[in-house]
>>> print(open('coords12.cif').read())   # mmCIF, C-alpha atoms
data_input
#
loop_
_atom_site.label_atom_id
_atom_site.label_comp_id
_atom_site.auth_asym_id
_atom_site.auth_seq_id
_atom_site.Cartn_x
_atom_site.Cartn_y
_atom_site.Cartn_z
CA MET A 29 45.81 -91.87 4.61
CA ALA A 30 48.20 -94.32 2.96
CA ASP A 31 51.85 -93.36 3.28
CA GLU A 32 52.24 -93.64 -0.52
CA LEU A 33 49.90 -90.67 -1.04
CA ARG A 34 51.77 -88.30 1.28
CA THR A 35 54.44 -87.69 -1.32
CA ILE A 36 51.96 -86.53 -3.99
CA PRO A 37 51.68 -82.72 -4.27
CA ARG A 38 48.55 -81.39 -2.58
CA ALA A 39 46.40 -78.60 -3.99
CA PRO A 40 46.72 -75.32 -2.05
CA GLY A 41 44.04 -74.19 0.37
CA ALA A 42 43.45 -77.33 2.47
CA LEU A 43 42.21 -76.93 6.07
CA PRO A 44 42.91 -79.36 8.95
CA GLY A 45 40.16 -82.00 9.14
CA LEU A 46 38.19 -80.45 6.29
CA GLY A 47 40.77 -80.62 3.55
CA HIS A 48 39.45 -78.77 0.50
CA ILE A 49 35.75 -79.42 1.16
CA TRP A 50 35.13 -75.94 2.59
CA GLN A 51 36.88 -74.35 -0.35
CA LEU A 52 34.87 -76.48 -2.79
CA TRP A 53 31.55 -75.70 -1.08
CA ARG A 54 32.24 -71.99 -0.69
CA ARG A 55 33.45 -71.72 -4.28
CA ARG A 56 31.20 -74.37 -5.83
CA ARG A 57 30.26 -72.02 -8.66
CA GLU A 58 33.98 -71.80 -9.45
CA LEU A 59 34.58 -75.56 -9.50
CA LEU A 60 35.67 -75.36 -13.13
CA ARG A 61 38.39 -72.85 -12.31
CA PHE A 62 39.48 -75.00 -9.37
CA VAL A 63 39.98 -78.17 -11.43
CA GLU A 64 41.59 -76.24 -14.29
CA ALA A 65 44.13 -74.65 -11.93
CA LEU A 66 45.18 -78.03 -10.51
CA GLY A 67 47.40 -78.50 -13.55
CA ASP A 68 49.68 -75.75 -12.23
CA THR A 69 50.54 -77.92 -9.22
CA GLY A 70 51.64 -81.00 -11.16
CA PRO A 71 50.63 -83.98 -13.33
CA LEU A 72 49.07 -85.74 -10.32
CA VAL A 73 47.58 -83.63 -7.53
CA ARG A 74 45.94 -84.58 -4.24
CA VAL A 75 42.65 -82.96 -3.24
CA ASP A 76 41.22 -83.82 0.18
CA VAL A 77 37.43 -84.00 0.46
CA GLY A 78 37.23 -84.03 4.24
CA THR A 79 39.61 -86.83 5.15
CA LEU A 80 39.20 -88.60 1.80
CA PRO A 81 42.17 -88.03 -0.53
CA ILE A 82 41.31 -87.85 -4.24
CA LEU A 83 44.10 -87.81 -6.81
CA PHE A 84 43.50 -85.57 -9.81
CA VAL A 85 45.17 -86.44 -13.11
CA THR A 86 45.98 -83.20 -14.95
CA ARG A 87 47.78 -84.45 -18.08
CA PRO A 88 46.01 -86.11 -21.03
CA GLU A 89 48.59 -88.89 -21.39
CA LEU A 90 48.02 -89.93 -17.77
CA ALA A 91 44.23 -89.79 -18.25
CA HIS A 92 44.53 -92.03 -21.31
CA GLU A 93 46.72 -94.43 -19.35
CA LEU A 94 44.07 -94.49 -16.62
CA MET A 95 41.18 -95.16 -19.04
CA VAL A 96 42.91 -97.48 -21.52
CA LYS A 97 46.34 -98.90 -20.75
CA LYS A 98 45.70 -99.59 -17.05
CA ALA A 99 41.90 -99.74 -17.13
CA GLY A 100 41.98 -103.23 -15.61
CA SER A 101 43.46 -101.80 -12.43
CA PHE A 102 40.51 -99.46 -11.87
CA GLU A 103 36.75 -99.55 -11.43
CA LYS A 104 34.25 -96.71 -11.46
CA GLY A 105 34.93 -94.49 -8.46
CA ARG A 106 33.11 -92.56 -5.77
CA LEU A 107 31.41 -90.15 -8.17
CA PHE A 108 29.61 -93.04 -9.85
CA THR A 109 28.88 -94.79 -6.55
CA ARG A 110 27.07 -91.63 -5.45
CA MET A 111 25.21 -91.50 -8.76
CA ARG A 112 23.98 -95.09 -8.53
CA PRO A 113 20.83 -94.25 -6.49
CA MET A 114 19.89 -91.84 -9.29
CA VAL A 115 20.69 -93.94 -12.36
CA GLY A 116 20.95 -97.50 -11.01
CA ASP A 117 23.40 -99.87 -12.70
CA GLY A 118 23.45 -98.39 -16.18
CA LEU A 119 26.58 -98.33 -18.34
CA ALA A 120 27.94 -95.27 -16.53
CA THR A 121 27.91 -96.85 -13.07
CA ALA A 122 27.91 -100.63 -13.57
CA ALA A 123 30.79 -102.86 -12.56
CA THR A 124 33.11 -103.94 -15.36
CA GLU A 125 31.55 -107.33 -16.12
CA VAL A 126 28.00 -105.94 -16.08
CA ASN A 127 29.14 -103.05 -18.25
CA ARG A 128 30.63 -105.43 -20.82
CA ARG A 129 27.49 -107.59 -20.96
CA HIS A 130 25.14 -104.64 -21.29
CA ARG A 131 27.35 -102.99 -23.88
CA ARG A 132 27.24 -106.14 -26.03
CA LEU A 133 23.47 -106.20 -25.80
CA MET A 134 23.06 -102.48 -26.49
CA GLN A 135 25.64 -102.01 -29.22
CA PRO A 136 23.24 -102.92 -32.08
CA ALA A 137 20.93 -100.11 -30.98
CA PHE A 138 23.73 -97.64 -31.77
CA HIS A 139 24.84 -99.23 -35.05
CA ARG A 140 24.97 -96.84 -37.99
CA ALA A 141 21.94 -98.50 -39.58
CA ARG A 142 19.91 -97.77 -36.45
CA ILE A 143 21.23 -94.24 -36.14
CA ALA A 144 20.03 -93.63 -39.71
CA GLY A 145 16.50 -94.25 -38.44
CA TYR A 146 17.06 -92.01 -35.46
CA GLY A 147 18.43 -89.41 -37.89
CA GLU A 148 14.98 -88.98 -39.39
CA VAL A 149 13.64 -88.09 -35.93
CA MET A 150 16.59 -85.76 -35.30
CA SER A 151 16.00 -83.97 -38.59
CA SER A 152 12.23 -83.64 -38.23
CA ARG A 153 12.55 -82.32 -34.65
CA ALA A 154 15.24 -79.81 -35.70
CA ILE A 155 13.12 -78.57 -38.61
CA ALA A 156 10.06 -78.28 -36.37
CA LEU A 157 12.13 -76.29 -33.87
CA ALA A 158 13.43 -73.87 -36.52
CA GLU A 159 9.98 -73.45 -38.07
CA SER A 160 8.49 -72.58 -34.68
CA TRP A 161 10.53 -69.38 -34.44
CA THR A 162 9.60 -65.97 -35.80
CA PRO A 163 11.84 -63.09 -36.97
CA GLY A 164 13.02 -60.99 -34.06
CA GLN A 165 11.99 -63.55 -31.45
CA LEU A 166 14.09 -63.56 -28.28
CA LEU A 167 15.15 -67.05 -27.21
CA ALA A 168 16.73 -68.40 -24.05
CA VAL A 169 18.99 -70.59 -26.18
CA ASP A 170 20.35 -72.59 -23.25
CA GLN A 171 16.82 -73.62 -22.28
CA VAL A 172 15.62 -74.11 -25.87
CA MET A 173 18.52 -76.39 -26.79
CA GLY A 174 18.21 -78.36 -23.57
CA GLU A 175 14.51 -78.99 -24.19
CA HIS A 176 15.19 -79.83 -27.83
CA ALA A 177 17.82 -82.42 -26.87
CA ILE A 178 15.54 -83.97 -24.25
CA GLU A 179 12.55 -84.24 -26.57
CA THR A 180 14.62 -85.54 -29.50
CA LEU A 181 16.19 -88.26 -27.39
CA ALA A 182 12.91 -89.18 -25.71
CA ARG A 183 11.21 -89.60 -29.08
CA THR A 184 13.93 -91.96 -30.26
CA MET A 185 13.67 -93.93 -27.00
CA PHE A 186 9.93 -94.57 -26.87
CA SER A 187 7.44 -95.54 -29.56
CA ALA A 188 4.83 -92.86 -30.22
CA ASP A 189 1.86 -94.92 -29.04
CA ILE A 190 3.11 -95.46 -25.45
CA GLY A 191 5.76 -92.79 -24.97
CA GLN A 192 3.95 -89.44 -24.79
CA ALA A 193 3.55 -89.46 -21.00
CA ALA A 194 7.21 -90.35 -20.63
CA VAL A 195 8.25 -87.54 -22.96
CA GLU A 196 6.32 -85.03 -20.86
CA VAL A 197 7.87 -86.21 -17.59
CA VAL A 198 11.35 -86.33 -19.13
CA ARG A 199 10.96 -82.78 -20.45
CA ARG A 200 9.91 -81.52 -17.02
CA ASP A 201 12.14 -83.47 -14.65
CA VAL A 202 15.46 -84.17 -16.38
CA PRO A 203 16.59 -80.49 -16.20
CA THR A 204 15.92 -80.46 -12.44
CA ILE A 205 18.02 -83.59 -11.94
CA LEU A 206 20.87 -82.46 -14.20
CA LYS A 207 21.08 -79.09 -12.44
CA ASN A 208 21.99 -80.71 -9.13
CA MET A 209 23.42 -84.12 -10.02
CA LEU A 210 27.15 -83.29 -10.17
CA LEU A 211 27.30 -81.37 -6.89
CA ARG A 212 25.18 -84.04 -5.21
CA ALA A 213 27.60 -86.70 -6.42
CA VAL A 214 30.71 -84.81 -5.31
CA PHE A 215 29.66 -83.74 -1.81
CA PRO A 216 29.19 -86.04 1.24
CA PRO A 217 25.93 -88.05 1.50
CA PHE A 218 24.74 -86.31 4.68
CA LEU A 219 24.09 -83.15 2.65
CA ASP A 220 21.44 -85.07 0.66
CA ARG A 221 19.27 -85.16 3.78
CA LEU A 222 19.21 -81.43 4.42
CA PRO A 223 15.58 -80.20 4.22
CA ILE A 224 16.25 -77.66 1.48
CA THR A 225 14.30 -76.94 -1.69
CA ALA A 226 17.00 -78.27 -4.03
CA ASN A 227 16.99 -81.68 -2.30
CA ARG A 228 13.20 -81.95 -2.25
CA GLU A 229 12.91 -81.02 -5.94
CA PHE A 230 15.70 -83.41 -6.91
CA ASP A 231 14.26 -86.38 -5.01
CA ALA A 232 10.74 -85.80 -6.35
CA ALA A 233 11.96 -85.44 -9.95
CA ALA A 234 14.12 -88.58 -9.76
CA ALA A 235 11.23 -90.61 -8.31
CA ARG A 236 8.79 -89.43 -10.99
CA LEU A 237 11.26 -90.20 -13.76
CA ARG A 238 11.92 -93.75 -12.56
CA GLN A 239 8.20 -94.35 -12.10
CA VAL A 240 7.13 -93.21 -15.56
CA ILE A 241 9.88 -95.20 -17.29
CA ASP A 242 8.88 -98.29 -15.28
CA GLU A 243 5.29 -97.74 -16.46
CA VAL A 244 6.33 -97.40 -20.10
CA ILE A 245 8.45 -100.59 -19.90
CA ALA A 246 5.53 -102.47 -18.33
CA ALA A 247 3.17 -101.20 -21.06
CA ALA A 248 5.61 -102.33 -23.76
CA ARG A 249 5.89 -105.77 -22.14
CA ARG A 250 2.10 -106.10 -21.98
CA SER A 251 1.70 -105.17 -25.63
CA GLY A 252 4.16 -107.89 -26.63
CA ASP A 253 5.08 -105.79 -29.66
CA THR A 254 8.77 -104.95 -29.72
CA ASP A 255 8.91 -104.49 -33.48
CA HIS A 256 9.52 -100.75 -33.32
CA PRO A 257 12.65 -98.78 -34.29
CA ASP A 258 12.80 -97.08 -30.88
CA LEU A 259 15.52 -97.73 -28.31
CA LEU A 260 13.16 -99.21 -25.71
CA SER A 261 11.90 -101.88 -28.10
CA MET A 262 15.43 -102.83 -29.09
CA LEU A 263 16.54 -103.15 -25.47
CA LEU A 264 13.54 -105.33 -24.64
CA ALA A 265 14.25 -107.56 -27.65
CA ALA A 266 18.03 -107.77 -27.13
CA ARG A 267 19.50 -111.19 -26.36
CA ASP A 268 23.04 -112.17 -25.46
CA ALA A 269 24.52 -114.06 -28.42
CA ASP A 270 26.26 -116.57 -26.12
CA THR A 271 23.71 -117.17 -23.36
CA GLY A 272 20.40 -115.99 -24.84
CA GLU A 273 19.86 -113.86 -21.73
CA ALA A 274 17.77 -110.70 -21.93
CA LEU A 275 17.90 -107.52 -19.87
CA THR A 276 15.52 -107.39 -16.90
CA ASP A 277 13.01 -104.54 -16.67
CA THR A 278 15.14 -102.89 -13.98
CA GLU A 279 18.25 -103.14 -16.18
CA VAL A 280 16.34 -101.64 -19.12
CA ARG A 281 15.12 -98.80 -16.89
CA ASP A 282 18.64 -98.09 -15.61
CA GLU A 283 20.06 -97.96 -19.13
CA LEU A 284 17.32 -95.65 -20.39
CA VAL A 285 17.79 -93.26 -17.45
CA THR A 286 21.56 -93.27 -17.96
CA ILE A 287 21.18 -92.49 -21.67
CA LEU A 288 18.73 -89.70 -20.88
CA PHE A 289 21.14 -87.97 -18.53
CA ALA A 290 24.25 -88.46 -20.64
CA GLY A 291 22.65 -87.77 -24.00
CA THR A 292 20.56 -84.73 -23.27
CA GLU A 293 23.17 -82.75 -21.35
CA THR A 294 25.90 -83.33 -23.93
CA ALA A 295 23.76 -82.30 -26.91
CA GLY A 296 21.88 -79.46 -25.23
CA SER A 297 24.93 -77.81 -23.68
CA THR A 298 27.13 -78.23 -26.78
CA LEU A 299 24.50 -76.79 -29.13
CA ALA A 300 23.91 -73.79 -26.88
CA TRP A 301 27.63 -73.01 -26.71
CA ALA A 302 27.91 -73.58 -30.48
CA PHE A 303 25.39 -70.83 -31.26
CA HIS A 304 27.19 -68.53 -28.83
CA GLU A 305 30.60 -69.17 -30.39
CA ILE A 306 29.27 -68.91 -33.97
CA ALA A 307 27.69 -65.52 -33.25
CA GLY A 308 30.98 -64.30 -31.77
CA HIS A 309 33.06 -65.43 -34.76
CA PRO A 310 31.60 -64.05 -38.02
CA GLU A 311 34.22 -65.80 -40.14
CA VAL A 312 33.18 -69.15 -38.67
CA GLU A 313 29.52 -68.39 -39.32
CA GLU A 314 30.10 -67.48 -42.96
CA ARG A 315 32.03 -70.70 -43.63
CA LEU A 316 29.28 -72.70 -41.94
CA LEU A 317 26.54 -71.09 -44.00
CA LEU A 318 28.42 -71.66 -47.25
CA GLU A 319 28.91 -75.33 -46.42
CA ILE A 320 25.31 -75.87 -45.32
CA ASP A 321 23.99 -74.17 -48.47
CA ALA A 322 26.25 -76.30 -50.65
CA VAL A 323 25.46 -79.64 -48.98
CA VAL A 324 21.77 -79.45 -48.02
CA ALA A 325 20.40 -76.08 -49.19
CA THR A 326 16.77 -76.03 -47.93
CA ARG A 327 15.99 -79.77 -47.90
CA PRO A 328 15.93 -81.79 -44.66
CA VAL A 329 19.33 -82.83 -43.35
CA ALA A 330 19.87 -86.60 -43.58
CA LEU A 331 22.37 -88.80 -41.77
CA ASP A 332 24.36 -89.19 -45.01
CA ASP A 333 24.89 -85.42 -45.00
CA VAL A 334 26.72 -85.48 -41.67
CA ALA A 335 29.99 -86.76 -43.16
CA LYS A 336 29.79 -84.11 -45.92
CA LEU A 337 29.29 -81.29 -43.41
CA GLU A 338 32.97 -81.39 -42.51
CA TYR A 339 33.39 -77.85 -41.23
CA THR A 340 30.15 -78.10 -39.24
CA GLY A 341 31.57 -81.21 -37.58
CA ARG A 342 34.81 -79.39 -36.76
CA VAL A 343 32.84 -76.57 -35.14
CA ILE A 344 31.09 -79.12 -32.92
CA GLN A 345 34.43 -80.71 -32.03
CA GLU A 346 35.89 -77.35 -31.04
CA VAL A 347 32.88 -76.56 -28.87
CA LEU A 348 33.20 -79.98 -27.22
CA ARG A 349 36.87 -79.24 -26.57
CA GLN A 350 36.15 -75.95 -24.81
CA HIS A 351 33.14 -77.18 -22.83
CA SER A 352 33.85 -80.83 -22.00
CA VAL A 353 32.75 -83.11 -19.15
CA THR A 354 33.55 -81.54 -15.79
CA LEU A 355 34.56 -84.57 -13.75
CA LEU A 356 35.06 -88.34 -14.05
CA MET A 357 36.45 -90.77 -11.48
CA ARG A 358 38.01 -94.19 -11.08
CA ARG A 359 38.96 -96.29 -8.03
CA ALA A 360 42.08 -98.49 -7.90
CA VAL A 361 41.21 -102.18 -7.39
CA GLU A 362 44.87 -103.19 -6.97
CA PRO A 363 48.20 -101.46 -6.34
CA VAL A 364 49.18 -99.62 -9.52
CA GLU A 365 51.80 -97.11 -10.68
CA LEU A 366 50.54 -93.85 -12.14
CA GLY A 367 52.59 -90.80 -13.03
CA GLY A 368 55.62 -92.19 -11.23
CA TYR A 369 53.73 -92.72 -7.95
CA ALA A 370 52.63 -95.95 -6.28
CA ILE A 371 48.84 -95.85 -5.95
CA PRO A 372 47.40 -98.21 -3.31
CA THR A 373 44.19 -100.23 -3.66
CA GLY A 374 41.04 -98.21 -2.96
CA THR A 375 42.50 -94.85 -3.98
CA GLU A 376 40.07 -92.51 -5.73
CA VAL A 377 41.44 -90.94 -8.92
CA ALA A 378 39.67 -88.10 -10.75
CA PHE A 379 40.16 -86.26 -14.00
CA SER A 380 38.42 -83.41 -15.78
CA LEU A 381 38.12 -83.55 -19.57
CA TYR A 382 37.18 -79.87 -19.37
CA ALA A 383 40.51 -79.00 -17.77
CA LEU A 384 42.56 -81.38 -19.93
CA HIS A 385 41.16 -80.01 -23.20
CA ARG A 386 41.71 -76.43 -22.10
CA ARG A 387 45.41 -77.14 -21.69
CA LEU A 388 45.65 -78.76 -25.13
CA ASP A 389 48.30 -76.38 -26.49
CA PRO A 390 49.52 -72.78 -25.92
CA ASP A 391 46.73 -71.53 -28.21
CA ALA A 392 43.97 -73.55 -26.52
CA GLY A 393 42.09 -70.43 -25.43
CA ARG A 394 41.26 -69.54 -29.04
CA PHE A 395 38.15 -70.88 -30.76
CA ASP A 396 39.59 -72.52 -33.87
CA PRO A 397 37.60 -75.26 -35.65
CA ASP A 398 40.45 -75.78 -38.11
CA ARG A 399 42.60 -77.29 -35.36
CA TRP A 400 40.60 -80.46 -36.22
CA LEU A 401 41.67 -80.54 -39.87
CA PRO A 402 43.22 -83.99 -40.47
CA GLU A 403 46.72 -82.61 -41.05
CA ARG A 404 46.62 -80.56 -37.84
CA ARG A 405 44.93 -83.28 -35.82
CA GLN A 406 47.92 -85.55 -36.59
CA GLU A 407 50.15 -83.11 -34.68
CA LEU A 408 48.25 -83.88 -31.48
CA SER A 409 48.59 -87.05 -29.45
CA ARG A 410 45.73 -89.52 -29.48
CA ALA A 411 45.18 -88.81 -25.80
CA SER A 412 44.84 -85.06 -26.18
CA PHE A 413 41.16 -85.01 -27.17
CA MET A 414 38.68 -87.47 -25.62
CA PRO A 415 35.27 -85.74 -25.46
CA PHE A 416 33.43 -89.05 -25.09
CA GLY A 417 36.06 -90.79 -22.99
CA ALA A 418 38.27 -93.66 -24.14
CA GLY A 419 38.73 -97.39 -23.82
CA GLY A 420 36.07 -99.90 -22.82
CA ARG A 421 34.06 -97.23 -20.98
CA GLN A 422 33.86 -94.83 -23.92
CA CYS A 423 30.37 -93.40 -24.36
CA ILE A 424 28.28 -95.84 -26.39
CA GLY A 425 26.21 -93.00 -27.85
CA ASP A 426 29.04 -90.85 -29.24
CA ALA A 427 28.01 -91.32 -32.89
CA TYR A 428 24.37 -90.65 -32.01
CA ALA A 429 25.23 -87.41 -30.17
CA SER A 430 27.57 -86.18 -32.91
CA ALA A 431 24.96 -86.80 -35.61
CA GLU A 432 22.25 -85.04 -33.61
CA MET A 433 24.38 -81.95 -33.03
CA VAL A 434 25.48 -81.60 -36.67
CA ILE A 435 21.95 -82.18 -37.97
CA THR A 436 20.44 -79.63 -35.56
CA LEU A 437 23.07 -77.00 -36.29
CA ALA A 438 22.62 -77.37 -40.06
CA ALA A 439 18.81 -77.35 -39.90
CA VAL A 440 18.72 -74.17 -37.82
CA LEU A 441 21.44 -72.27 -39.71
CA ALA A 442 19.80 -73.09 -43.05
CA ARG A 443 17.01 -70.73 -41.94
CA TRP A 444 18.28 -68.40 -39.25
CA ARG A 445 21.17 -66.52 -37.70
CA LEU A 446 21.15 -66.14 -33.92
CA ARG A 447 22.39 -62.88 -32.44
CA PRO A 448 23.30 -62.33 -28.76
CA GLU A 449 21.14 -59.94 -26.82
CA PRO A 450 23.27 -57.00 -25.56
CA GLY A 451 23.92 -56.70 -21.87
CA HIS A 452 24.65 -60.30 -20.91
CA THR A 453 27.81 -62.37 -21.16
CA PRO A 454 27.06 -66.04 -20.45
CA ARG A 455 28.96 -67.78 -17.68
CA GLU A 456 29.59 -71.50 -17.31
CA ALA A 457 27.20 -73.11 -14.86
CA VAL A 458 28.70 -76.06 -13.01
CA ALA A 459 27.11 -79.33 -14.11
CA ALA A 460 28.22 -82.67 -15.54
CA MET A 461 28.71 -80.68 -18.77
CA PRO A 462 29.21 -76.95 -18.08
CA HIS A 463 26.31 -75.14 -19.77
CA PRO A 464 25.60 -71.42 -20.18
CA ASP A 465 23.93 -69.91 -17.11
CA HIS A 466 21.72 -67.91 -19.46
CA LEU A 467 22.03 -67.33 -23.19
CA PRO A 468 19.50 -64.82 -24.60
CA MET A 469 19.74 -64.59 -28.40
CA ARG A 470 17.50 -63.02 -31.04
CA VAL A 471 16.33 -64.81 -34.18
CA VAL A 472 17.32 -63.12 -37.42
CA PRO A 473 16.31 -64.46 -40.89
CA ARG A 474 19.20 -65.54 -43.11
CA SER A 475 18.38 -62.70 -45.48
CA GLY A 476 18.63 -60.19 -42.66
#
>>> encode(input="coords12.cif", output="structure tokens")
Amino acid sequence: MADELRTIPRAPGALPGLGHIWQLWRRRRELLRFVEALGDTGPLVRVDVGTLPILFVTRPELAHELMVKKAGSFEKGRLFTRMRPMVGDGLATAATEVNRRHRRLMQPAFHRARIAGYGEVMSSRAIALAESWTPGQLLAVDQVMGEHAIETLARTMFSADIGQAAVEVVRRDVPTILKNMLLRAVFPPFLDRLPITANREFDAAAARLRQVIDEVIAAARRSGDTDHPDLLSMLLAARDADTGEALTDTEVRDELVTILFAGTETAGSTLAWAFHEIAGHPEVEERLLLEIDAVVATRPVALDDVAKLEYTGRVIQEVLRQHSVTLLMRRAVEPVELGGYAIPTGTEVAFSLYALHRRLDPDAGRFDPDRWLPERRQELSRASFMPFGAGGRQCIGDAYASAEMVITLAAVLARWRLRPEPGHTPREAVAAMPHPDHLPMRVVPRSG
């Protein structure tokens, strides 16, 4: 271990030779509590995974400095290196220069004009979902919203004539991968080889997903028709404005897989928690229903409605604040100063948006959508709320995800109220985005 790191406060509970790895494995279901509690030790805290020291940033200003002001001193870290076999060199894992090139090529696919087209798919899928329910039906909302997010994204990614097989595989296999991906990325590689059910299911699901997307890309290439509004067609047709270069089939596959993982977990988890929070806060629900009735009534929700559904958007923001991304990492590529400490080249630095957002202010434990009113938002620093990251690595699909969540919430609440089933209090399951372990809710008509 570099001498510079010995002066940084270390999280309690380390064991000789093992560091905190035994504590993390034994308490892996409590990983969220572990990272949240690190803030009590200091702004920068050392956690030892075996003999590997990882520095955790526990203050939003330092996280913003890491992602924006000193981004050039860091590359994607160990977490993303471990994810590369699963998602290849997509935007989440690619080196800086590759990331910049791919982002330039992909940006038009997430332009507002394109999202307007996707919005029609989002709205029609949300309406179909709401119309499939019956009064009194008991839903596993965590599962329903996860499947809805997967299918909605898949249907914006692939044209209808070649994408059905891909949609079916995505619907089946993405949940299996997401369930295990974070822990697989955090723990040492040798654990991947253990002959346990979780590893076998994960490996099989990842292989099937890559195979079916490769087949869909090949089918699209053979057809020669890329004049579709879906994401795959746009990626195949994209050309670098300076060089005229296109993405290879492998690069297209990696980007589609990355978007699948990032997009479905964010939307599915956030929507599930939103229905839970709305049901637990009647005053929030009533304001939502009044706004939805005033803006869209019973007609389909359009992309233009999203900006008008201001309170609905604030509810989504507050849910994102309370249930943000569990863990992100960077690796120093040169000596750099952070939080008053000298950080040597090669040091792994981690931060949890979940933990940072939960220490936003003394009242951060309260669900309060109005904290995102413009006049109150100005009281917070720019770095205090970063649900989609910040800087050059900010999520390219943030506008897409926000639109999907607002549209889905409005389409469902225009028809139904969801009520929690007595006897179960949902817990946060550890994943890239912490989702409810189980969320049974009953469908009640708006008139009920």
>>> resolve_selection(input="coords12.cif", expression="the PyMOL selection byres ((chain A and resi 364-381) around 6)", output="ChimeraX atom specification")
/A:82-85,352-363,382-385
>>> residues_around(input="coords12.cif", residues="Arg447 (chain A)", least_positions_apart="6", cutoff="8 Å", atoms="all atoms listed in the file", output="list in words")
Ala307, Met469, Arg470, Val471 and Val472 of chain A
>>> resolve_selection(input="coords12.cif", expression="the PyMOL selection byres ((chain A and resi 38-41) around 6)", output="list in words")
Pro37, Ala42, Val73, Arg74 and Val75 of chain A
>>> residues_near_point(input="coords12.cif", point="(27.3, -88.5, -37.6)", cutoff="12 Å", atoms="all atoms listed in the file", output="PyMOL selection string")
chain A and resi 138-144+146-147+150+329-338+340-342+344-345+425-436
>>> residues_around(input="coords12.cif", residues="Pro136 (chain A)", least_positions_apart="4", cutoff="12 Å", atoms="all atoms listed in the file", output="list in words")
His130, Arg131, Arg132, Arg140, Ala141, Arg142, Ile143, Pro257, Leu259, Met262, Leu263, Ala265, Ala266, Arg267, Asp268, Ala269, Ile424 and Gly425 of chain A
>>> closest_residue(input="coords12.cif", among="A:Asp201, A:Glu179, A:Glu64, A:Asp76", to="Leu43 (chain A)", atoms="all atoms listed in the file")
A:Asp76
>>> resolve_selection(input="coords12.cif", expression="the PyMOL selection byres ((chain A and resi 158) around 9)", output="short mmCIF file (atom, residue, chain, number, x, y, z; two decimals) with C-alpha atoms, in the coordinates of the input")
data_model
loop_
_atom_site.label_atom_id
_atom_site.label_comp_id
_atom_site.auth_asym_id
_atom_site.auth_seq_id
_atom_site.Cartn_x
_atom_site.Cartn_y
_atom_site.Cartn_z
CA ARG A 153 12.55 -82.32 -34.65
CA ALA A 154 15.24 -79.81 -35.70
CA ILE A 155 13.12 -78.57 -38.61
CA ALA A 156 10.06 -78.28 -36.37
CA LEU A 157 12.13 -76.29 -33.87
CA GLU A 159 9.98 -73.45 -38.07
CA SER A 160 8.49 -72.58 -34.68
CA TRP A 161 10.53 -69.38 -34.44
CA THR A 162 9.60 -65.97 -35.80
CA ALA A 439 18.81 -77.35 -39.90
CA VAL A 440 18.72 -74.17 -37.82
CA LEU A 441 21.44 -72.27 -39.71
CA ARG A 443 17.01 -70.73 -41.94
CA TRP A 444 18.28 -68.40 -39.25
#
>>> closest_residue(input="coords12.cif", among="A:Glu283, A:Glu346, A:Asp170, A:Glu125", to="Asp465 (chain A)", atoms="only C-alpha atoms")
A:Asp170
>>> residues_around(input="coords12.cif", residues="Glu319 (chain A)", least_positions_apart="3", cutoff="8 Å", atoms="only C-alpha atoms", output="list in words")
Arg315, Leu316, Ala322, Val323, Leu337, Tyr339 and Thr340 of chain A
>>> closest_residue(input="coords12.cif", among="A:Leu260, A:Asp396, A:Leu46, A:Ser151", to="Ile287 (chain A)", atoms="only C-alpha atoms")
A:Leu260
>>> closest_residue(input="coords12.cif", among="A:Arg421, A:Glu311, A:Leu72, A:Ser412", to="Asp398 (chain A)", atoms="all atoms listed in the file")
A:Glu311
>>> closest_residue(input="coords12.cif", among="A:Val244, A:Val280, A:Asp231, A:Arg445", to="Leu317 (chain A)", atoms="all atoms listed in the file")
A:Arg445
>>> closest_residue(input="coords12.cif", among="A:Met185, A:Leu318, A:Met461, A:Ala123", to="Gly145 (chain A)", atoms="all atoms listed in the file")
A:Met185
>>> atom_distance(input="coords12.cif", atom1="CA of Pro203 (chain A)", atom2="CA of Pro415 (chain A)")
21.5 Å
>>> residues_around(input="coords12.cif", residues="Lys97 (chain A)", least_positions_apart="5", cutoff="12 Å", atoms="all atoms listed in the file", output="compact mmCIF listing (two decimals) with C-alpha atoms, in the frame of the given file")
# COMPACT_ATOMS: atom_id res chain seq x y z
CA GLU A 89 48.59 -88.89 -21.39
CA LEU A 90 48.02 -89.93 -17.77
CA ALA A 91 44.23 -89.79 -18.25
CA HIS A 92 44.53 -92.03 -21.31
CA PHE A 102 40.51 -99.46 -11.87
CA VAL A 364 49.18 -99.62 -9.52
CA GLU A 365 51.80 -97.11 -10.68
CA LEU A 366 50.54 -93.85 -12.14
CA ALA A 411 45.18 -88.81 -25.80
CA ALA A 418 38.27 -93.66 -24.14
CA GLY A 419 38.73 -97.39 -23.82
CA GLY A 420 36.07 -99.90 -22.82
